[in-house]
file work-v4.cif (mmCIF, C-alpha atoms)
data_target
loop_
_atom_site.label_atom_id
_atom_site.label_comp_id
_atom_site.auth_asym_id
_atom_site.auth_seq_id
_atom_site.Cartn_x
_atom_site.Cartn_y
_atom_site.Cartn_z
CA MET A 1 80.04 -143.89 -29.88
CA LYS A 2 77.29 -142.34 -27.76
CA MET A 3 74.44 -144.39 -26.35
CA ARG A 4 71.61 -144.52 -28.86
CA SER A 5 68.84 -144.71 -26.31
CA LEU A 6 68.03 -145.65 -22.77
CA ALA A 7 69.47 -148.99 -21.73
CA VAL A 8 67.59 -151.91 -23.28
CA LEU A 9 66.51 -154.69 -20.96
CA LEU A 10 67.72 -158.05 -22.21
CA VAL A 11 65.20 -160.79 -21.57
CA ALA A 12 66.28 -164.42 -21.57
CA GLY A 13 65.13 -166.23 -24.65
CA LEU A 14 64.11 -163.05 -26.53
CA VAL A 15 66.43 -161.80 -29.25
CA VAL A 16 66.14 -159.68 -32.35
CA ALA A 17 65.15 -162.17 -34.99
CA PRO A 18 67.43 -163.08 -37.88
CA ALA A 19 66.20 -162.67 -41.44
CA LEU A 20 63.53 -165.14 -42.48
CA GLY A 21 63.01 -163.86 -46.01
CA ARG A 22 63.61 -166.08 -49.02
CA ASP A 23 66.49 -165.40 -51.36
CA GLY A 24 65.85 -162.74 -53.97
CA PRO A 25 67.23 -162.59 -57.55
CA SER A 26 70.61 -161.42 -56.24
CA GLY A 27 70.87 -164.33 -53.83
CA ARG A 28 70.59 -162.11 -50.77
CA ALA A 29 67.90 -162.66 -48.17
CA VAL A 30 64.88 -160.40 -48.68
CA LYS A 31 63.19 -159.19 -45.52
CA ARG A 32 59.48 -159.89 -45.39
CA ILE A 33 57.30 -157.30 -43.66
CA ALA A 34 53.75 -157.16 -42.36
CA ILE A 35 51.77 -153.95 -42.80
CA ILE A 36 49.25 -153.27 -40.03
CA THR A 37 47.03 -150.24 -40.49
CA ASN A 38 43.74 -148.68 -39.45
CA PHE A 39 42.55 -147.61 -42.89
CA TRP A 40 44.08 -147.55 -46.39
CA GLY A 41 42.13 -145.05 -48.44
CA PRO A 42 43.65 -142.63 -50.99
CA ARG A 43 43.83 -139.84 -48.38
CA SER A 44 45.43 -141.87 -45.62
CA HIS A 45 48.87 -142.13 -44.04
CA ALA A 46 48.90 -145.76 -45.13
CA ASN A 47 48.70 -144.59 -48.74
CA VAL A 48 51.46 -141.97 -48.59
CA LEU A 49 53.78 -144.21 -46.54
CA ALA A 50 52.96 -147.92 -46.75
CA THR A 51 52.05 -147.76 -50.46
CA LYS A 52 55.62 -146.67 -51.22
CA PHE A 53 56.81 -150.09 -50.06
CA PHE A 54 55.13 -151.31 -53.28
CA THR A 55 55.68 -148.41 -55.70
CA GLY A 56 59.16 -147.40 -54.63
CA PHE A 57 60.34 -144.26 -52.85
CA PRO A 58 60.57 -141.05 -54.94
CA ILE A 59 63.40 -138.88 -53.59
CA ASP A 60 65.53 -136.07 -55.02
CA THR A 61 67.95 -138.42 -56.77
CA ALA A 62 65.73 -141.24 -58.06
CA LEU A 63 62.77 -143.54 -57.52
CA GLU A 64 64.35 -145.97 -55.07
CA LYS A 65 63.15 -149.56 -55.33
CA PRO A 66 62.06 -151.26 -52.10
CA ARG A 67 64.60 -153.63 -50.58
CA VAL A 68 61.96 -155.50 -48.60
CA LYS A 69 58.91 -157.51 -49.59
CA VAL A 70 55.40 -157.04 -48.23
CA ALA A 71 54.32 -160.49 -47.05
CA SER A 72 51.00 -159.71 -45.36
CA ILE A 73 48.47 -156.99 -44.59
CA TYR A 74 45.94 -156.30 -41.86
CA ILE A 75 43.44 -153.42 -42.19
CA ASP A 76 41.35 -152.62 -39.11
CA GLN A 77 38.61 -150.78 -41.05
CA PRO A 78 38.75 -152.20 -44.58
CA SER A 79 36.63 -151.73 -47.66
CA ASP A 80 36.71 -153.88 -50.77
CA ASP A 81 37.65 -150.85 -52.87
CA ASP A 82 40.42 -149.36 -50.73
CA VAL A 83 44.01 -148.90 -51.90
CA GLY A 84 45.26 -151.71 -49.67
CA HIS A 85 42.99 -154.28 -51.30
CA LYS A 86 43.97 -153.12 -54.78
CA LEU A 87 47.66 -153.36 -53.95
CA ALA A 88 47.15 -156.76 -52.36
CA LYS A 89 45.47 -158.02 -55.53
CA LYS A 90 48.14 -156.50 -57.80
CA PHE A 91 51.02 -158.04 -55.82
CA ASN A 92 49.27 -161.21 -54.64
CA VAL A 93 49.70 -160.32 -50.96
CA PRO A 94 47.27 -161.91 -48.49
CA ILE A 95 45.09 -159.70 -46.29
CA TYR A 96 44.47 -161.42 -42.97
CA PRO A 97 41.45 -160.90 -40.67
CA THR A 98 43.59 -160.52 -37.53
CA ILE A 99 46.91 -158.96 -36.55
CA ARG A 100 48.12 -162.28 -35.18
CA GLU A 101 47.50 -164.04 -38.49
CA ALA A 102 49.21 -161.24 -40.44
CA LEU A 103 52.33 -161.67 -38.29
CA THR A 104 52.29 -165.48 -38.33
CA LEU A 105 51.17 -165.73 -41.99
CA GLY A 106 48.30 -167.85 -40.80
CA GLY A 107 50.50 -170.16 -38.74
CA GLU A 108 51.38 -170.43 -35.07
CA LYS A 109 54.61 -168.41 -34.74
CA LEU A 110 56.01 -165.10 -35.93
CA SER A 111 56.86 -165.49 -39.63
CA VAL A 112 57.81 -161.97 -40.79
CA ASP A 113 61.01 -159.98 -40.36
CA ALA A 114 59.52 -156.59 -39.49
CA VAL A 115 56.25 -154.75 -38.86
CA LEU A 116 55.13 -151.44 -40.37
CA TYR A 117 52.32 -150.10 -38.18
CA VAL A 118 50.32 -147.10 -39.44
CA GLY A 119 47.78 -146.29 -36.73
CA GLU A 120 46.33 -143.15 -38.34
CA HIS A 121 42.91 -142.37 -39.86
CA GLY A 122 39.74 -144.36 -39.62
CA ASN A 123 36.46 -143.96 -37.75
CA TYR A 124 37.21 -144.04 -34.01
CA PRO A 125 35.57 -142.29 -31.05
CA ARG A 126 36.93 -139.22 -29.30
CA SER A 127 37.83 -138.98 -25.63
CA ARG A 128 36.25 -136.68 -23.07
CA LEU A 129 39.05 -134.21 -23.98
CA GLY A 130 38.19 -134.32 -27.68
CA VAL A 131 41.14 -136.47 -28.73
CA LYS A 132 40.63 -139.19 -31.33
CA MET A 133 41.23 -142.47 -29.53
CA TYR A 134 43.22 -144.44 -32.08
CA PRO A 135 43.61 -148.06 -30.88
CA ARG A 136 47.40 -147.96 -30.89
CA LEU A 137 47.77 -149.61 -27.49
CA ASN A 138 45.41 -152.40 -28.49
CA HIS A 139 47.16 -153.01 -31.81
CA MET A 140 50.70 -152.78 -30.44
CA GLU A 141 49.80 -155.12 -27.58
CA GLN A 142 48.63 -157.69 -30.14
CA ILE A 143 51.90 -157.32 -32.04
CA PHE A 144 53.96 -157.73 -28.89
CA ARG A 145 51.87 -160.72 -27.80
CA VAL A 146 52.90 -162.56 -30.97
CA PHE A 147 56.54 -161.69 -30.26
CA ASP A 148 56.25 -162.95 -26.70
CA ALA A 149 54.57 -166.20 -27.72
CA SER A 150 57.18 -166.76 -30.44
CA GLY A 151 60.17 -166.13 -28.17
CA ARG A 152 61.71 -163.54 -30.47
CA SER A 153 61.18 -159.98 -31.70
CA VAL A 154 61.56 -158.08 -34.96
CA PRO A 155 61.79 -154.33 -35.75
CA VAL A 156 58.60 -152.27 -35.54
CA TYR A 157 57.84 -148.80 -36.86
CA CYS A 158 54.86 -146.95 -35.33
CA ASP A 159 53.72 -144.00 -37.45
CA LYS A 160 53.38 -140.64 -35.62
CA HIS A 161 52.93 -140.65 -31.84
CA LEU A 162 53.10 -143.82 -29.79
CA ALA A 163 49.57 -143.35 -28.40
CA TYR A 164 47.01 -140.65 -27.68
CA SER A 165 47.60 -140.93 -23.91
CA TRP A 166 50.83 -140.82 -21.95
CA MET A 167 50.03 -144.00 -20.00
CA ASP A 168 49.44 -145.94 -23.22
CA ALA A 169 52.59 -144.55 -24.83
CA LYS A 170 54.73 -145.43 -21.80
CA TRP A 171 53.32 -148.97 -21.73
CA ILE A 172 54.20 -149.46 -25.40
CA TYR A 173 57.72 -148.15 -24.83
CA ASP A 174 58.30 -150.27 -21.74
CA ARG A 175 56.91 -153.41 -23.36
CA ALA A 176 59.15 -152.89 -26.40
CA ARG A 177 62.17 -152.63 -24.11
CA GLU A 178 61.16 -155.74 -22.22
CA LEU A 179 60.89 -157.74 -25.45
CA ASN A 180 64.04 -156.18 -26.95
CA VAL A 181 62.12 -154.74 -29.92
CA PRO A 182 63.98 -152.34 -32.25
CA LEU A 183 61.37 -149.56 -32.26
CA MET A 184 60.99 -146.34 -34.23
CA ALA A 185 58.11 -143.87 -34.32
CA GLY A 186 57.47 -140.20 -34.97
CA SER A 187 56.68 -137.41 -37.37
CA VAL A 188 57.71 -137.27 -40.99
CA LEU A 189 58.75 -133.63 -40.54
CA ALA A 190 61.99 -134.48 -38.75
CA LEU A 191 63.20 -135.92 -42.08
CA THR A 192 62.02 -133.25 -44.50
CA TRP A 193 63.89 -130.50 -46.32
CA ARG A 194 64.96 -127.45 -44.31
CA LYS A 195 65.27 -124.02 -45.84
CA PRO A 196 67.87 -122.77 -45.20
CA MET A 197 69.58 -126.00 -44.24
CA LEU A 198 69.91 -125.94 -40.45
CA GLN A 199 71.12 -128.75 -38.22
CA HIS A 200 72.42 -127.88 -34.78
CA PRO A 201 75.73 -129.52 -33.96
CA ILE A 202 75.50 -131.94 -31.07
CA GLY A 203 76.29 -129.94 -27.94
CA ALA A 204 74.87 -126.65 -29.25
CA ARG A 205 74.25 -123.98 -26.59
CA ILE A 206 70.49 -123.48 -27.08
CA THR A 207 68.59 -121.44 -24.48
CA GLU A 208 65.18 -121.15 -26.15
CA ALA A 209 63.43 -122.48 -29.25
CA VAL A 210 60.08 -122.01 -30.96
CA SER A 211 58.28 -124.07 -33.57
CA VAL A 212 55.33 -122.68 -35.51
CA GLY A 213 52.76 -124.80 -37.32
CA TYR A 214 49.04 -125.00 -38.00
CA GLY A 215 46.02 -127.23 -37.45
CA ALA A 216 44.43 -128.95 -34.46
CA LEU A 217 46.40 -129.47 -31.28
CA ASP A 218 45.71 -133.19 -30.88
CA SER A 219 46.75 -134.06 -34.45
CA TYR A 220 48.95 -131.47 -36.16
CA GLY A 221 50.35 -130.30 -32.84
CA PHE A 222 52.33 -133.53 -32.72
CA HIS A 223 54.23 -132.57 -35.87
CA SER A 224 55.18 -129.15 -34.48
CA LEU A 225 56.32 -130.76 -31.24
CA GLU A 226 58.59 -133.14 -33.13
CA VAL A 227 60.01 -130.23 -35.16
CA LEU A 228 60.94 -128.64 -31.84
CA GLN A 229 62.24 -131.80 -30.23
CA CYS A 230 64.37 -133.08 -33.12
CA MET A 231 66.30 -129.81 -32.88
CA LEU A 232 66.42 -129.30 -29.11
CA GLU A 233 67.62 -132.83 -28.38
CA ARG A 234 70.96 -131.81 -29.89
CA ARG A 235 71.61 -129.16 -27.22
CA ALA A 236 74.44 -129.35 -24.72
CA GLY A 237 73.82 -132.12 -22.22
CA GLY A 238 71.36 -133.97 -24.46
CA GLU A 239 67.76 -134.48 -23.46
CA THR A 240 66.93 -134.60 -19.74
CA GLY A 241 63.16 -134.30 -19.86
CA VAL A 242 60.33 -131.84 -19.29
CA ARG A 243 59.41 -130.21 -15.96
CA SER A 244 56.02 -128.70 -16.89
CA VAL A 245 53.61 -128.02 -19.76
CA ARG A 246 51.10 -125.21 -20.17
CA THR A 247 48.74 -124.52 -23.08
CA LEU A 248 47.32 -121.07 -23.78
CA LYS A 249 44.92 -119.81 -26.43
CA GLY A 250 43.98 -116.48 -27.98
CA ALA A 251 44.95 -113.26 -26.21
CA GLU A 252 46.57 -115.22 -23.38
CA VAL A 253 49.33 -116.26 -25.80
CA TYR A 254 50.36 -112.67 -26.42
CA GLU A 255 50.04 -111.79 -22.74
CA ALA A 256 52.43 -114.64 -21.89
CA ALA A 257 54.93 -113.28 -24.41
CA GLN A 258 54.69 -109.82 -22.85
CA ARG A 259 55.41 -111.36 -19.43
CA GLY A 260 58.55 -112.97 -20.84
CA GLU A 261 57.29 -116.57 -20.73
CA PHE A 262 58.50 -116.97 -24.30
CA SER A 263 60.07 -114.84 -27.01
CA MET A 264 57.74 -113.34 -29.62
CA GLU A 265 60.90 -112.33 -31.48
CA LEU A 266 61.74 -116.01 -31.97
CA ALA A 267 58.15 -116.81 -32.96
CA GLU A 268 58.25 -114.11 -35.63
CA ALA A 269 61.65 -115.38 -36.81
CA ALA A 270 60.09 -118.82 -37.34
CA CYS A 271 57.23 -117.20 -39.27
CA ALA A 272 59.65 -115.14 -41.36
CA THR A 273 60.86 -118.34 -43.05
CA ALA A 274 57.45 -118.71 -44.73
CA LYS A 275 57.28 -118.14 -48.48
CA ARG A 276 54.42 -115.67 -48.10
CA LYS A 277 53.05 -113.73 -45.17
CA ARG A 278 49.61 -112.14 -45.23
CA GLY A 279 49.90 -109.68 -42.37
CA ALA A 280 52.13 -107.26 -40.54
CA SER A 281 52.61 -109.46 -37.49
CA MET A 282 51.30 -112.57 -35.77
CA GLU A 283 49.51 -110.56 -33.11
CA LYS A 284 47.70 -108.38 -35.63
CA THR A 285 46.74 -111.29 -37.90
CA GLU A 286 46.13 -114.31 -35.67
CA LYS A 287 43.43 -113.76 -33.03
CA LYS A 288 43.23 -117.31 -31.66
CA PRO A 289 46.68 -118.92 -31.72
CA THR A 290 47.46 -121.88 -29.50
CA ALA A 291 50.78 -121.98 -27.64
CA VAL A 292 52.24 -124.90 -25.69
CA ILE A 293 54.89 -123.62 -23.28
CA ILE A 294 57.38 -126.34 -22.35
CA ASN A 295 59.77 -125.91 -19.45
CA TYR A 296 62.61 -128.41 -19.75
CA ARG A 297 64.30 -129.81 -16.68
CA ASP A 298 67.65 -128.23 -17.62
CA GLY A 299 66.10 -124.73 -17.86
CA THR A 300 65.71 -124.62 -21.63
CA LYS A 301 62.55 -122.90 -22.89
CA GLY A 302 60.51 -124.52 -25.64
CA VAL A 303 57.32 -123.20 -27.25
CA MET A 304 55.11 -124.74 -29.90
CA ILE A 305 52.64 -122.36 -31.58
CA LEU A 306 49.75 -123.37 -33.84
CA LEU A 307 48.19 -120.79 -36.14
CA SER A 308 45.07 -120.74 -38.30
CA GLY A 309 46.92 -120.27 -41.59
CA ARG A 310 45.89 -116.63 -42.05
CA TYR A 311 49.35 -115.27 -41.31
CA VAL A 312 51.79 -117.72 -42.92
CA GLY A 313 49.58 -120.41 -44.47
CA GLU A 314 50.38 -124.11 -44.12
CA HIS A 315 53.85 -123.44 -42.82
CA TRP A 316 56.20 -125.23 -40.45
CA GLY A 317 58.87 -122.93 -39.02
CA TYR A 318 61.57 -123.12 -36.37
CA ALA A 319 63.76 -120.58 -34.61
CA ALA A 320 66.18 -120.75 -31.68
CA LYS A 321 68.64 -118.76 -29.65
CA VAL A 322 72.05 -120.39 -30.07
CA ASN A 323 75.03 -118.77 -28.36
CA GLY A 324 72.92 -115.62 -28.09
CA GLU A 325 72.19 -115.49 -31.85
CA THR A 326 68.86 -116.17 -33.59
CA VAL A 327 68.80 -118.94 -36.20
CA ALA A 328 65.72 -120.06 -38.11
CA CYS A 329 64.53 -122.33 -40.91
CA GLU A 330 61.45 -123.67 -42.64
CA PHE A 331 60.61 -127.38 -42.47
CA VAL A 332 59.53 -127.75 -46.08
CA ARG A 333 56.35 -129.55 -47.08
CA PRO A 334 56.85 -131.13 -50.55
CA PRO A 335 54.25 -131.01 -53.31
CA ARG A 336 51.19 -133.24 -53.34
CA PRO A 337 50.43 -135.94 -54.38
CA VAL A 338 54.03 -137.27 -54.19
CA TYR A 339 54.48 -136.49 -50.48
CA ALA A 340 58.17 -137.27 -50.93
CA TYR A 341 59.09 -136.66 -47.31
CA PHE A 342 57.28 -139.92 -46.62
CA SER A 343 59.83 -141.47 -49.00
CA TYR A 344 62.67 -140.38 -46.76
CA LEU A 345 60.76 -141.63 -43.74
CA GLY A 346 60.11 -144.92 -45.54
CA LEU A 347 63.79 -145.36 -46.42
CA ASN A 348 64.78 -144.88 -42.78
CA VAL A 349 62.15 -147.38 -41.69
CA GLU A 350 63.31 -149.80 -44.36
CA LYS A 351 66.93 -149.45 -43.23
CA MET A 352 65.90 -150.40 -39.69
CA PHE A 353 64.00 -153.36 -41.10
CA VAL A 354 67.13 -154.50 -42.96
CA THR A 355 69.74 -153.79 -40.27
CA GLY A 356 67.72 -154.12 -37.06
CA GLU A 357 69.07 -150.73 -35.93
CA PRO A 358 66.77 -147.68 -35.41
CA GLN A 359 67.75 -144.53 -37.30
CA TYR A 360 66.89 -142.10 -34.49
CA PRO A 361 65.86 -142.39 -30.83
CA VAL A 362 62.31 -143.54 -30.10
CA GLU A 363 62.63 -141.61 -26.82
CA ARG A 364 62.05 -138.46 -28.86
CA THR A 365 58.55 -139.67 -29.69
CA LEU A 366 57.95 -141.00 -26.19
CA LEU A 367 58.63 -137.50 -24.87
CA THR A 368 56.54 -135.68 -27.49
CA SER A 369 53.67 -138.15 -26.99
CA GLY A 370 53.68 -137.27 -23.29
CA VAL A 371 53.97 -133.53 -23.88
CA LEU A 372 51.05 -133.62 -26.33
CA ASP A 373 48.81 -135.45 -23.87
CA MET A 374 49.65 -132.95 -21.12
CA ALA A 375 49.14 -130.03 -23.53
CA VAL A 376 45.62 -131.25 -24.31
CA ARG A 377 44.91 -131.63 -20.59
CA SER A 378 46.24 -128.14 -19.84
CA LEU A 379 44.05 -126.61 -22.54
CA ALA A 380 41.01 -128.45 -21.16
CA SER A 381 41.77 -126.99 -17.70
CA ARG A 382 41.93 -123.44 -19.14
CA GLY A 383 45.66 -123.07 -19.20
CA GLN A 384 46.68 -124.55 -15.88
CA VAL A 385 50.33 -125.57 -15.57
CA VAL A 386 50.71 -129.35 -15.63
CA GLN A 387 53.71 -130.56 -13.64
CA THR A 388 55.36 -133.51 -15.39
CA PRO A 389 57.85 -135.29 -13.10
CA PHE A 390 57.14 -138.49 -15.06
CA LEU A 391 58.61 -136.90 -18.21
CA ASN A 392 62.15 -137.16 -16.82
CA ILE A 393 63.23 -138.86 -20.03
CA HIS A 394 66.98 -138.83 -20.66
CA TYR A 395 68.54 -139.62 -24.02
CA ASP A 396 71.23 -138.46 -26.43
CA PRO A 397 70.76 -137.92 -30.17
CA PHE A 398 72.43 -140.54 -32.31
CA ASP A 399 75.92 -139.63 -33.49
CA PHE A 400 75.09 -140.37 -37.14
CA GLU A 401 72.62 -138.80 -39.53
CA PRO A 402 69.50 -140.58 -40.80
CA ILE A 403 68.58 -140.67 -44.48
CA TRP A 404 67.22 -137.23 -45.33
CA PRO A 405 67.49 -134.58 -48.08
CA ARG A 406 70.69 -132.66 -48.45
CA SER A 407 69.06 -129.84 -50.39
CA SER A 408 66.77 -127.05 -49.19
CA GLU A 409 63.90 -127.82 -51.57
CA PRO A 410 62.49 -130.90 -53.30
CA ARG A 411 63.81 -131.69 -56.75
CA GLY A 412 64.04 -134.59 -59.18
CA ALA A 413 61.74 -137.53 -58.50
CA SER A 414 60.49 -135.80 -55.34
CA LEU A 415 58.47 -133.54 -57.64
CA GLY A 416 56.89 -136.35 -59.64
CA PRO A 417 55.32 -137.32 -61.92
CA TRP A 418 53.26 -139.44 -59.59
CA PRO A 419 52.07 -142.17 -59.43
CA PRO A 420 54.17 -144.57 -61.52
CA GLY A 421 52.42 -146.31 -64.39
CA GLY A 422 50.01 -148.99 -63.24
CA PHE A 423 49.40 -147.32 -59.87
CA GLU A 424 46.86 -144.71 -60.92
CA PHE A 425 44.37 -146.09 -58.38
CA ILE A 426 46.41 -144.81 -55.42
CA ILE A 427 45.56 -141.17 -56.15
CA SER A 428 42.58 -139.42 -54.58
CA HIS A 429 39.58 -138.69 -56.74
CA ARG A 430 39.37 -135.07 -57.71
CA ARG A 431 36.66 -132.72 -56.64
CA ARG A 432 34.67 -130.63 -59.09
CA GLY A 433 36.87 -127.98 -60.65
CA GLY A 434 39.97 -130.23 -60.52
CA ALA A 435 41.00 -129.60 -56.92
CA GLN A 436 42.55 -132.66 -55.33
CA THR A 437 41.33 -133.91 -51.98
CA ARG A 438 43.73 -133.33 -49.14
CA THR A 439 45.69 -135.96 -47.28
CA GLU A 440 45.85 -135.18 -43.57
CA LEU A 441 49.17 -135.42 -41.80
#

call {"tool": "encode", "arguments": {"input": "work-v4.cif", "output": "structure tokens"}}
result
Amino acid sequence: MKMRSLAVLLVAGLVVAPALGRDGPSGRAVKRIAIITNFWGPRSHANVLATKFFTGFPIDTALEKPRVKVASIYIDQPSDDDVGHKLAKKFNVPIYPTIREALTLGGEKLSVDAVLYVGEHGNYPRSRLGVKMYPRLNHMEQIFRVFDASGRSVPVYCDKHLAYSWMDAKWIYDRARELNVPLMAGSVLALTWRKPMLQHPIGARITEAVSVGYGALDSYGFHSLEVLQCMLERRAGGETGVRSVRTLKGAEVYEAAQRGEFSMELAEAACATAKRKRGASMEKTEKKPTAVIINYRDGTKGVMILLSGRYVGEHWGYAAKVNGETVACEFVRPPRPVYAYFSYLGLNVEKMFVTGEPQYPVERTLLTSGVLDMAVRSLASRGQVVQTPFLNIHYDPFDFEPIWPRSSEPRGASLGPWPPGGFEFIISHRRRGGAQTRTEL
């Protein structure tokens, strides 16, 4: 069996904690989890992910019941009328005023079996580079401090990137290794439907790959980077890290393609997987694309392109050169308001909570967190190449598959109806004319 990640440092007196949950109806121990989040409104990540640990997980085959129990909640920016407070009241779950108390259940030592951390959304300032400074480092440090003081660690899932800055992300990763914390993080898109179904075999001969998405670089760019990385990490030799990052915008993107810095043919192949296109070509339709050009240490080319939506809409596409042939697929976004790809993410997180074993390498997200930070810095410096010797991150993909759809499009419970009876309060209020408010990824 291949190594699942970089070597974990074993620290004397710190072990992955055994189950502390009380026996359920079947007589088996039920894991108790703490949910730590920034904000829990109807349009938040907490709602589309953490809420499913109460409602169940709608997937293609069924509405899967949770196998863990929510024991405590902490909300950094709460309101008396948010979804988290309503769920807490419905299920008689305490909301604590501090992260420490949520993890200790008001006592002195760690008293939960796992931590679900959703550090998205909320009202936080932006950095000098325009990036929203989510307090992930602050929150994760508080979580780890409880582990350290208790002499044991439990699994933690960190939603999306590890932190908005590379230095913060690396600290979180290193601290988790020091404390022997089973850690997962990352984008929901790595676990969504793919149309057509495409999964590179481990050891695939990939020379270049392109992902195409939409939205702002500092937020949605993360998802497109993880689309790229979850595929490229399966190439021959595994992941060896990134040598440099460069971000271009507008006409400079097309000029770089003409110089051979990346393949516009592959970019168009990724766009061709969209259900509808509204133009003859990317260059004729998109005047201000953003492209992040990633030079990997082993010579592989990677490019992440963000579009406005004019050409292919809200589309996530991928294309690669494998053994000299072009392959491509769409990373499918399921219908709102079910957001069933968060169900598959939730089931993988839950499995780690139950088994103590991550479902995919956290090094993937460590690398993409670093690339994203450098991409933002390159854009701020008008497209200068950022050398990244510190991104010499080596890892292999796991030799087993996580829980994810085996079809090319959502079906069954993934399509709804949603929400289940008694949970009507979790849905966003509708705007005039019946249009539903949008949940940001």

call {"tool": "closest_residue", "arguments": {"input": "work-v4.cif", "among": "A:Gly370, A:Gly213, A:Pro155, A:Gly107", "to": "Val349 (chain A)", "atoms": "only C-alpha atoms"}}
result
A:Pro155

call {"tool": "resolve_selection", "arguments": {"input": "work-v4.cif", "expression": "the PyMOL selection byres ((chain A and resi 352) around 9)", "output": "ChimeraX atom specification"}}
result
/A:114,155-157,182-184,347-351,353-359

call {"tool": "resolve_selection", "arguments": {"input": "work-v4.cif", "expression": "the PyMOL selection byres ((chain A and resi 73) around 12)", "output": "NGL selection string"}}
result
:A and (32-40 or 46 or 50-51 or 69-72 or 74-76 or 78 or 83-89 or 91-106 or 112 or 115-118)

call {"tool": "residues_around", "arguments": {"input": "work-v4.cif", "residues": "Glu261 (chain A)", "least_positions_apart": "2", "cutoff": "12 Å", "atoms": "only C-alpha atoms", "output": "mmCIF file with C-alpha atoms, in the coordinates of the input"}}
result
data_model
loop_
_atom_site.group_PDB
_atom_site.id
_atom_site.type_symbol
_atom_site.label_atom_id
_atom_site.label_comp_id
_atom_site.auth_asym_id
_atom_site.auth_seq_id
_atom_site.Cartn_x
_atom_site.Cartn_y
_atom_site.Cartn_z
ATOM 1 C CA GLU A 208 65.180 -121.150 -26.150
ATOM 2 C CA VAL A 210 60.080 -122.010 -30.960
ATOM 3 C CA ARG A 246 51.100 -125.210 -20.170
ATOM 4 C CA THR A 247 48.740 -124.520 -23.080
ATOM 5 C CA LEU A 248 47.320 -121.070 -23.780
ATOM 6 C CA GLU A 252 46.570 -115.220 -23.380
ATOM 7 C CA VAL A 253 49.330 -116.260 -25.800
ATOM 8 C CA TYR A 254 50.360 -112.670 -26.420
ATOM 9 C CA GLU A 255 50.040 -111.790 -22.740
ATOM 10 C CA ALA A 256 52.430 -114.640 -21.890
ATOM 11 C CA ALA A 257 54.930 -113.280 -24.410
ATOM 12 C CA GLN A 258 54.690 -109.820 -22.850
ATOM 13 C CA ARG A 259 55.410 -111.360 -19.430
ATOM 14 C CA SER A 263 60.070 -114.840 -27.010
ATOM 15 C CA MET A 264 57.740 -113.340 -29.620
ATOM 16 C CA ALA A 291 50.780 -121.980 -27.640
ATOM 17 C CA VAL A 292 52.240 -124.900 -25.690
ATOM 18 C CA ILE A 293 54.890 -123.620 -23.280
ATOM 19 C CA ILE A 294 57.380 -126.340 -22.350
ATOM 20 C CA ASN A 295 59.770 -125.910 -19.450
ATOM 21 C CA THR A 300 65.710 -124.620 -21.630
ATOM 22 C CA LYS A 301 62.550 -122.900 -22.890
ATOM 23 C CA GLY A 302 60.510 -124.520 -25.640
ATOM 24 C CA VAL A 303 57.320 -123.200 -27.250
#

call {"tool": "closest_residue", "arguments": {"input": "work-v4.cif", "among": "A:Tyr296, A:Tyr318, A:Tyr214, A:Tyr339", "to": "His394 (chain A)", "atoms": "all atoms listed in the file"}}
result
A:Tyr296

call {"tool": "atom_distance", "arguments": {"input": "work-v4.cif", "atom1": "CA of Ile59 (chain A)", "atom2": "CA of Gly412 (chain A)"}}
result
7.1 Å

call {"tool": "residues_around", "arguments": {"input": "work-v4.cif", "residues": "Glu265 (chain A)", "least_positions_apart": "4", "cutoff": "10 Å", "atoms": "all atoms listed in the file", "output": "JSON, numbers by chain"}}
result
{"A": [210, 257, 269, 270, 271, 319, 320, 326]}

call {"tool": "residues_around", "arguments": {"input": "work-v4.cif", "residues": "region 378-385 of chain A", "least_positions_apart": "2", "cutoff": "7 Å", "atoms": "all atoms listed in the file", "output": "list in words"}}
result
Leu129, Ser244, Val245, Arg246, Thr247, Leu248, Met374, Ala375, Val376 and Gln387 of chain A

call {"tool": "atom_distance", "arguments": {"input": "work-v4.cif", "atom1": "CA of Ser219 (chain A)", "atom2": "CA of Leu49 (chain A)"}}
result
17.3 Å

call {"tool": "closest_residue", "arguments": {"input": "work-v4.cif", "among": "A:Tyr124, A:Phe222, A:Phe57, A:Phe342", "to": "Thr368 (chain A)", "atoms": "only C-alpha atoms"}}
result
A:Phe222

call {"tool": "resolve_selection", "arguments": {"input": "work-v4.cif", "expression": "the PyMOL selection byres ((chain A and resi 337) around 10)", "output": "PyMOL selection string"}}
result
chain A and resi 43+48+334-336+338-340+415-419+426-428+436-439

call {"tool": "residues_around", "arguments": {"input": "work-v4.cif", "residues": "Leu391 (chain A)", "least_positions_apart": "3", "cutoff": "8 Å", "atoms": "all atoms listed in the file", "output": "PDB file with C-alpha atoms, in the coordinates of the input"}}
result
ATOM      1  CA  GLY A 241      63.160-134.300 -19.860  1.00  0.00           C
ATOM      2  CA  VAL A 242      60.330-131.840 -19.290  1.00  0.00           C
ATOM      3  CA  ARG A 243      59.410-130.210 -15.960  1.00  0.00           C
ATOM      4  CA  LEU A 367      58.630-137.500 -24.870  1.00  0.00           C
ATOM      5  CA  GLY A 370      53.680-137.270 -23.290  1.00  0.00           C
ATOM      6  CA  THR A 388      55.360-133.510 -15.390  1.00  0.00           C
TER       7      THR A 388
END
